[in-house]
Amino acid sequence: MRVNLQHLTKKFPNLNKKVGGDVIAVNDFNFEIPDGKLIGLLGPSGCGKSTALNLISGLLEPTEGHIFFGDDEVTHLPPENRGVGLVFQNYALYPHMTVLQNIMFPLQNLKGEAKLPREEIIRRATEAAKLVQIDGLLERKPSEMSGGQQQRVAIARALVKMPSVLLLDEPLSNLDARLRLQTREEIRRIQKETGITTIFVTHDQEEAMSISDLIVVMKDGMIQQIDAPQEVYDDPANLFVAKFLGTPAINVFHGEAKGGELYLAGENTPVLSVPGVADQTLWVGIRPEGLIPDPAGPLCCSLRNVEVMGRDTSVVFDHPAADSENPRAIVASARRPKAGETQVRFSLDREKVHLFQKDTEERIRYGEQRHEE
C-alpha cells in the first residue's frame, strides 16, 4: 500500500501558560511512502516521529494536511477502518490469555460481514505465529515468555488482520542489546516475506540504517533528509543529519575556506583542497574513518588515548579547532600509533570530509560532490 502524506501538520496547545501559543509536533510533513517498502522514521526524542506515526494510524487527528492510502483519503477515517497494524514499545498483551488467544483477539472482534468462523480465525492466527516463529509457544501465557518472544506475539497480533500498513513505534527499546539485534532482523525478514508497507519509528540510528529501505530523519517536527540509509550517511544534507548518524559520531571542527583551500581554525597549513568554495568560516565534519594515519599528513593532533578493538583501533585525540567532544579516528590496528607517541598526524579522505555553513549549518559541496541539495 502506497502512503501519501501531504502537508501534514499537528499542533498541540502549549501547557506553559507563560509562553502560550501552540507546540508544533509535526510541521508541513510531505512524503510519499512507496508500496511494499520499510521506512525508518528516525530522530531524537521529541522530534515528532511518534506523532507522525499516530497521525498515519488515525490515533491523532491532523491540524492540517491530508493522508492517502493508495488513492483513498483516510485523513478523518478512524483507526479500525484504515487497515493498519500497530505494534508499540509496550507490547500490551493480555496476561490471562495464551499466545494463541492474544493473536486471535483482533479477529474475534470483527463484526458484520467481516466476521470470520472460528476455524478460519485459528488458521490465520496459527499462520501468523509461524511467520514470527512462535508456533511452538501457542499455549504459553505472556508471563512465561522472554521479552523478545512477547514482542513477536505483538507483531503476530498486528499481522493477523493482514493490514495494508504495519506501524511499529519504538518496538525494540524494551529489549536487551542481543535481543534487539535478533528481533530487528526478524522484523526485516517478516516485512520482506509479507511485502507489507512498514513504518518503523526509532531514535536508534543503527536500527534504522540496518533494516530500512529509506530513512526519514526528523528534527523539531520537520523532515531534514529522506534517502537510502547509506546515502544519508555518506551524503548528509546538513550538520544535524551528519552528527545524528554515525557511531562513533562525526568529528566537527571550526574551519575556514580561503583561496580554494581548507584550514582548521588556528592553523596555517591547509588540510584539504576545496575547489569552488567561497572564502568563509564554516563547520568541518570529518568521519572517524576519514582520518588516515600519515607521518607526513597535514593534520597534527595531540594523542590522548588508543583503544584497541581487535581489527580496528579507536584513536582519541585533541585539536584546538575541535568542536566535538573526544574527537577520534577509526584506523586499522596495524596502523595504530606506537606506544610512547604523544602526537599523531592524519591525511584526509575527501569523501569523508563534509563542509557546512557556519550560520545555517546547511551542506556546502565542493569538487566531485555533485549531488542535488
# chains A, B, ... in the order shown; residues from 1 in each chain; ligands from 1
$ residues_around --residues "Asn251 of chain A" --least-positions-apart "4" --cutoff "6 Å" --atoms "only C-alpha atoms" --output "mmCIF file with C-alpha atoms, in the first residue's frame"
data_model
loop_
_atom_site.group_PDB
_atom_site.id
_atom_site.type_symbol
_atom_site.label_atom_id
_atom_site.label_comp_id
_atom_site.auth_asym_id
_atom_site.auth_seq_id
_atom_site.Cartn_x
_atom_site.Cartn_y
_atom_site.Cartn_z
ATOM 1 C CA GLY A 285 32.787 17.429 9.639
ATOM 2 C CA ILE A 286 35.215 14.507 9.306
ATOM 3 C CA SER A 324 33.046 17.892 19.270
ATOM 4 C CA PRO A 327 37.291 13.516 18.585
#
$ select_by_dssp --residues "segment 98-244 of chain A" --states "strand (DSSP E)" --output "list in words"
Val165, Leu166, Leu167, Leu168, Asp169, Thr197, Thr198, Ile199, Phe200, Val201, Thr202, Leu214, Ile215, Val216, Val217, Met218, Lys219, Met222, Ile223, Gln224, Gln225, Ile226 and Asp227 of chain A
$ write_last_selection --atoms "C-alpha atoms" --output "compact mmCIF listing (two decimals), in the first residue's frame"
# COMPACT_ATOMS: atom_id res chain seq x y z
CA VAL A 165 0.25 -0.83 6.51
CA LEU A 166 2.27 -2.03 9.53
CA LEU A 167 3.27 0.67 12.05
CA LEU A 168 6.00 -0.02 14.62
CA ASP A 169 6.63 2.57 17.34
CA THR A 197 4.38 -1.35 3.68
CA THR A 198 6.02 -0.82 7.06
CA ILE A 199 6.89 2.32 9.03
CA PHE A 200 9.38 1.82 11.83
CA VAL A 201 9.89 4.60 14.40
CA THR A 202 13.17 4.66 16.32
CA LEU A 214 14.57 4.54 3.18
CA ILE A 215 15.07 6.60 6.30
CA VAL A 216 13.38 9.89 7.14
CA VAL A 217 15.49 11.99 9.52
CA MET A 218 13.39 14.40 11.60
CA LYS A 219 14.15 17.34 13.87
CA MET A 222 10.38 18.78 10.25
CA ILE A 223 11.96 16.46 7.72
CA GLN A 224 15.70 17.00 7.44
CA GLN A 225 16.50 14.37 4.82
CA ILE A 226 14.96 11.35 3.07
CA ASP A 227 17.16 8.81 1.31
$ closest_residue --among "A:Asp312, A:Asp72, A:Glu361, A:Glu206" --to "Thr247 of chain A" --atoms "only C-alpha atoms"
A:Glu206
$ closest_residue --among "A:Ser143, A:Ala329, A:Phe68, A:Pro248" --to "His96 of chain A" --atoms "only C-alpha atoms"
A:Ser143
$ select_by_dssp --residues "segment 126-366 of chain A" --states "helix (DSSP H, G or I)" --output "MDAnalysis selection string"
chainID A and resid 126:131 135:137 142:144 147:159 177:194 205:211 229:234 239:244 288:290 333:335 350:352
$ write_last_selection --atoms "C-alpha atoms" --output "PDB file, in the first residue's frame"
ATOM      1  CA  THR A 126      -1.519 -20.095  13.595  1.00  0.00           C
ATOM      2  CA  GLU A 127      -0.102 -18.848  10.273  1.00  0.00           C
ATOM      3  CA  ALA A 128       0.821 -15.507  11.862  1.00  0.00           C
ATOM      4  CA  ALA A 129       2.556 -17.352  14.706  1.00  0.00           C
ATOM      5  CA  LYS A 130       4.535 -19.439  12.203  1.00  0.00           C
ATOM      6  CA  LEU A 131       5.599 -16.291  10.373  1.00  0.00           C
ATOM      7  CA  ASP A 135       4.121 -21.507  16.630  1.00  0.00           C
ATOM      8  CA  GLY A 136       5.591 -23.842  19.268  1.00  0.00           C
ATOM      9  CA  LEU A 137       4.576 -21.486  22.086  1.00  0.00           C
ATOM     10  CA  PRO A 142       2.922 -13.883  28.232  1.00  0.00           C
ATOM     11  CA  SER A 143       4.497 -14.171  31.697  1.00  0.00           C
ATOM     12  CA  GLU A 144       6.107 -17.454  30.606  1.00  0.00           C
ATOM     13  CA  GLY A 147      10.779 -10.048  26.065  1.00  0.00           C
ATOM     14  CA  GLY A 148      11.743 -10.965  22.515  1.00  0.00           C
ATOM     15  CA  GLN A 149       9.072 -13.672  22.361  1.00  0.00           C
ATOM     16  CA  GLN A 150       6.441 -11.271  23.697  1.00  0.00           C
ATOM     17  CA  GLN A 151       7.396  -8.766  21.017  1.00  0.00           C
ATOM     18  CA  ARG A 152       6.886 -11.442  18.371  1.00  0.00           C
ATOM     19  CA  VAL A 153       3.407 -12.130  19.763  1.00  0.00           C
ATOM     20  CA  ALA A 154       2.623  -8.411  19.443  1.00  0.00           C
ATOM     21  CA  ILE A 155       3.844  -8.425  15.833  1.00  0.00           C
ATOM     22  CA  ALA A 156       1.811 -11.560  15.022  1.00  0.00           C
ATOM     23  CA  ARG A 157      -1.284  -9.945  16.537  1.00  0.00           C
ATOM     24  CA  ALA A 158      -0.760  -6.902  14.296  1.00  0.00           C
ATOM     25  CA  LEU A 159      -0.203  -9.070  11.201  1.00  0.00           C
ATOM     26  CA  ALA A 177      21.174  -5.456  23.000  1.00  0.00           C
ATOM     27  CA  ARG A 178      21.325  -9.028  21.708  1.00  0.00           C
ATOM     28  CA  LEU A 179      17.550  -9.406  21.526  1.00  0.00           C
ATOM     29  CA  ARG A 180      17.270  -6.054  19.738  1.00  0.00           C
ATOM     30  CA  LEU A 181      19.646  -7.309  17.074  1.00  0.00           C
ATOM     31  CA  GLN A 182      17.791 -10.600  16.648  1.00  0.00           C
ATOM     32  CA  THR A 183      14.336  -9.021  16.646  1.00  0.00           C
ATOM     33  CA  ARG A 184      15.175  -6.297  14.154  1.00  0.00           C
ATOM     34  CA  GLU A 185      16.482  -8.981  11.787  1.00  0.00           C
ATOM     35  CA  GLU A 186      13.188 -10.820  12.273  1.00  0.00           C
ATOM     36  CA  ILE A 187      11.196  -7.670  11.518  1.00  0.00           C
ATOM     37  CA  ARG A 188      13.115  -7.229   8.271  1.00  0.00           C
ATOM     38  CA  ARG A 189      12.588 -10.882   7.325  1.00  0.00           C
ATOM     39  CA  ILE A 190       8.857 -10.687   8.058  1.00  0.00           C
ATOM     40  CA  GLN A 191       8.484  -7.457   6.099  1.00  0.00           C
ATOM     41  CA  LYS A 192      10.238  -8.934   3.066  1.00  0.00           C
ATOM     42  CA  GLU A 193       8.138 -12.114   3.212  1.00  0.00           C
ATOM     43  CA  THR A 194       4.821 -10.283   3.553  1.00  0.00           C
ATOM     44  CA  GLN A 205      20.248   5.235  14.039  1.00  0.00           C
ATOM     45  CA  GLU A 206      21.866   1.796  13.864  1.00  0.00           C
ATOM     46  CA  GLU A 207      18.427   0.139  13.928  1.00  0.00           C
ATOM     47  CA  ALA A 208      17.073   2.449  11.236  1.00  0.00           C
ATOM     48  CA  MET A 209      20.091   2.075   8.963  1.00  0.00           C
ATOM     49  CA  SER A 210      20.288  -1.707   9.257  1.00  0.00           C
ATOM     50  CA  ILE A 211      16.745  -2.618   8.177  1.00  0.00           C
ATOM     51  CA  PRO A 229      20.445   4.729   4.705  1.00  0.00           C
ATOM     52  CA  GLN A 230      23.948   4.675   3.235  1.00  0.00           C
ATOM     53  CA  GLU A 231      23.239   7.757   1.141  1.00  0.00           C
ATOM     54  CA  VAL A 232      22.139   9.702   4.225  1.00  0.00           C
ATOM     55  CA  TYR A 233      25.350   8.668   6.000  1.00  0.00           C
ATOM     56  CA  ASP A 234      27.644   9.416   3.043  1.00  0.00           C
ATOM     57  CA  LEU A 239      25.179  19.306  10.100  1.00  0.00           C
ATOM     58  CA  PHE A 240      22.338  17.888  12.218  1.00  0.00           C
ATOM     59  CA  VAL A 241      21.993  14.827   9.968  1.00  0.00           C
ATOM     60  CA  ALA A 242      25.771  14.377   9.824  1.00  0.00           C
ATOM     61  CA  LYS A 243      26.021  14.452  13.623  1.00  0.00           C
ATOM     62  CA  PHE A 244      22.980  12.257  14.232  1.00  0.00           C
ATOM     63  CA  PRO A 288      36.262   8.903  12.053  1.00  0.00           C
ATOM     64  CA  GLU A 289      37.161   6.533   9.219  1.00  0.00           C
ATOM     65  CA  GLY A 290      38.157   9.520   7.063  1.00  0.00           C
ATOM     66  CA  SER A 333      45.008  -1.864  14.188  1.00  0.00           C
ATOM     67  CA  ALA A 334      48.163  -2.426  12.153  1.00  0.00           C
ATOM     68  CA  ARG A 335      48.419   1.359  11.657  1.00  0.00           C
ATOM     69  CA  ARG A 350      37.966  13.813   0.965  1.00  0.00           C
ATOM     70  CA  GLU A 351      34.834  11.630   0.547  1.00  0.00           C
ATOM     71  CA  LYS A 352      34.551  11.601   4.346  1.00  0.00           C
TER      72      LYS A 352
END
$ closest_residue --among "A:Arg124, A:Lys161, A:Lys49, A:His66" --to "Glu32 of chain A" --atoms "only C-alpha atoms"
A:His66
$ atom_distance --atom1 "atom CA of Ile121 of chain A" --atom2 "atom CA of Asn102 of chain A"
11.7 Å
$ atom_distance --atom1 "atom CA of Arg287 of chain A" --atom2 "atom CA of Glu267 of chain A"
19.9 Å
$ residues_around --residues "segment 6-20 of chain A" --least-positions-apart "5" --cutoff "7 Å" --atoms "only C-alpha atoms" --output "number ranges by chain"
A: 25-31, 62-67
$ write_last_selection --atoms "N, CA and C atoms" --output "tab-separated table (two decimals), in the first residue's frame"
chain	number	residue	atom	x	y	z
A	25	ALA	N	4.19	19.79	16.70
A	25	ALA	CA	4.87	18.50	16.81
A	25	ALA	C	5.29	17.95	15.45
A	26	VAL	N	4.44	18.16	14.44
A	26	VAL	CA	4.75	17.77	13.06
A	26	VAL	C	4.46	18.98	12.19
A	27	ASN	N	5.44	19.37	11.37
A	27	ASN	CA	5.37	20.65	10.66
A	27	ASN	C	5.49	20.46	9.15
A	28	ASP	N	4.35	20.54	8.45
A	28	ASP	CA	4.33	20.50	6.98
A	28	ASP	C	5.08	19.29	6.44
A	29	PHE	N	4.68	18.13	6.89
A	29	PHE	CA	5.33	16.85	6.55
A	29	PHE	C	4.83	16.38	5.19
A	30	ASN	N	5.71	16.28	4.21
A	30	ASN	CA	5.36	15.82	2.87
A	30	ASN	C	6.24	14.62	2.51
A	31	PHE	N	5.60	13.50	2.21
A	31	PHE	CA	6.37	12.30	1.87
A	31	PHE	C	5.44	11.25	1.29
A	62	PRO	N	-5.00	15.18	12.36
A	62	PRO	CA	-4.08	16.26	11.98
A	62	PRO	C	-4.74	17.63	12.10
A	63	THR	N	-3.92	18.63	12.42
A	63	THR	CA	-4.41	20.00	12.42
A	63	THR	C	-4.58	20.49	10.99
A	64	GLU	N	-3.67	20.10	10.14
A	64	GLU	CA	-3.73	20.45	8.71
A	64	GLU	C	-3.18	19.27	7.91
A	65	GLY	N	-3.49	19.24	6.63
A	65	GLY	CA	-2.91	18.25	5.74
A	65	GLY	C	-3.82	17.06	5.46
A	66	HIS	N	-3.29	16.16	4.61
A	66	HIS	CA	-4.08	15.03	4.13
A	66	HIS	C	-3.24	13.76	4.15
A	67	ILE	N	-3.94	12.63	4.36
A	67	ILE	CA	-3.30	11.31	4.36
A	67	ILE	C	-4.04	10.44	3.36
$ decode --residues "segment 339-350 of chain A" --atoms "all heavy atoms" --output "compact mmCIF listing (two decimals), in the first residue's frame"
# COMPACT_ATOMS: atom_id res chain seq x y z
N ALA A 339 53.43 2.91 21.04
CA ALA A 339 53.50 3.25 22.46
C ALA A 339 54.49 4.40 22.67
O ALA A 339 55.58 4.41 22.07
CB ALA A 339 53.90 2.03 23.28
N GLY A 340 54.12 5.35 23.51
CA GLY A 340 55.00 6.46 23.82
C GLY A 340 54.81 7.68 22.94
O GLY A 340 55.34 8.75 23.26
N GLU A 341 54.08 7.55 21.84
CA GLU A 341 53.85 8.70 20.96
C GLU A 341 52.87 9.67 21.62
O GLU A 341 51.90 9.27 22.26
CB GLU A 341 53.32 8.25 19.60
CG GLU A 341 54.34 7.51 18.75
CD GLU A 341 53.82 7.15 17.37
OE1 GLU A 341 52.58 7.07 17.20
OE2 GLU A 341 54.64 6.96 16.48
N THR A 342 53.12 10.95 21.44
CA THR A 342 52.25 11.98 22.03
C THR A 342 51.49 12.77 20.97
O THR A 342 50.57 13.52 21.29
CB THR A 342 53.07 12.96 22.87
OG1 THR A 342 54.08 13.57 22.04
CG2 THR A 342 53.73 12.24 24.04
N GLN A 343 51.90 12.61 19.72
CA GLN A 343 51.22 13.28 18.62
C GLN A 343 50.89 12.26 17.52
O GLN A 343 51.55 11.22 17.40
CB GLN A 343 52.07 14.40 18.03
CG GLN A 343 52.20 15.63 18.94
CD GLN A 343 52.86 16.79 18.21
OE1 GLN A 343 53.72 16.58 17.35
NE2 GLN A 343 52.46 18.00 18.55
N VAL A 344 49.89 12.59 16.74
CA VAL A 344 49.54 11.74 15.61
C VAL A 344 49.15 12.65 14.45
O VAL A 344 48.53 13.69 14.64
CB VAL A 344 48.37 10.79 15.99
CG1 VAL A 344 47.13 11.57 16.41
CG2 VAL A 344 48.04 9.86 14.82
N ARG A 345 49.60 12.26 13.25
CA ARG A 345 49.28 13.04 12.06
C ARG A 345 48.35 12.25 11.15
O ARG A 345 48.43 11.03 11.06
CB ARG A 345 50.56 13.40 11.28
CG ARG A 345 51.35 14.54 11.90
CD ARG A 345 52.51 14.97 11.02
NE ARG A 345 53.11 16.20 11.49
CZ ARG A 345 52.69 17.42 11.16
NH1 ARG A 345 51.68 17.56 10.32
NH2 ARG A 345 53.31 18.48 11.66
N PHE A 346 47.44 12.98 10.49
CA PHE A 346 46.48 12.35 9.60
C PHE A 346 46.46 13.07 8.25
O PHE A 346 46.60 14.29 8.18
CB PHE A 346 45.05 12.43 10.17
CG PHE A 346 44.87 11.75 11.49
CD1 PHE A 346 44.76 12.50 12.66
CD2 PHE A 346 44.76 10.37 11.58
CE1 PHE A 346 44.56 11.90 13.88
CE2 PHE A 346 44.55 9.76 12.80
CZ PHE A 346 44.46 10.51 13.95
N SER A 347 46.26 12.30 7.21
CA SER A 347 45.76 12.86 5.95
C SER A 347 44.26 12.56 5.90
O SER A 347 43.76 11.76 6.69
CB SER A 347 46.49 12.26 4.75
OG SER A 347 46.39 10.84 4.75
N LEU A 348 43.54 13.19 4.99
CA LEU A 348 42.08 13.11 4.99
C LEU A 348 41.55 12.44 3.72
O LEU A 348 42.04 12.71 2.62
CB LEU A 348 41.47 14.51 5.11
CG LEU A 348 41.93 15.36 6.31
CD1 LEU A 348 41.21 16.70 6.30
CD2 LEU A 348 41.68 14.63 7.61
N ASP A 349 40.56 11.59 3.90
CA ASP A 349 39.80 11.03 2.78
C ASP A 349 38.72 12.04 2.43
O ASP A 349 37.77 12.24 3.18
CB ASP A 349 39.18 9.70 3.20
CG ASP A 349 38.33 9.07 2.10
OD1 ASP A 349 38.08 9.73 1.07
OD2 ASP A 349 37.89 7.91 2.28
N ARG A 350 38.86 12.70 1.28
CA ARG A 350 37.97 13.81 0.96
C ARG A 350 36.49 13.39 0.87
O ARG A 350 35.59 14.20 1.09
CB ARG A 350 38.39 14.51 -0.33
CG ARG A 350 38.31 13.68 -1.58
CD ARG A 350 38.92 14.41 -2.80
NE ARG A 350 38.27 15.68 -3.06
CZ ARG A 350 38.84 16.86 -2.85
NH1 ARG A 350 40.06 16.95 -2.35
NH2 ARG A 350 38.19 17.96 -3.14
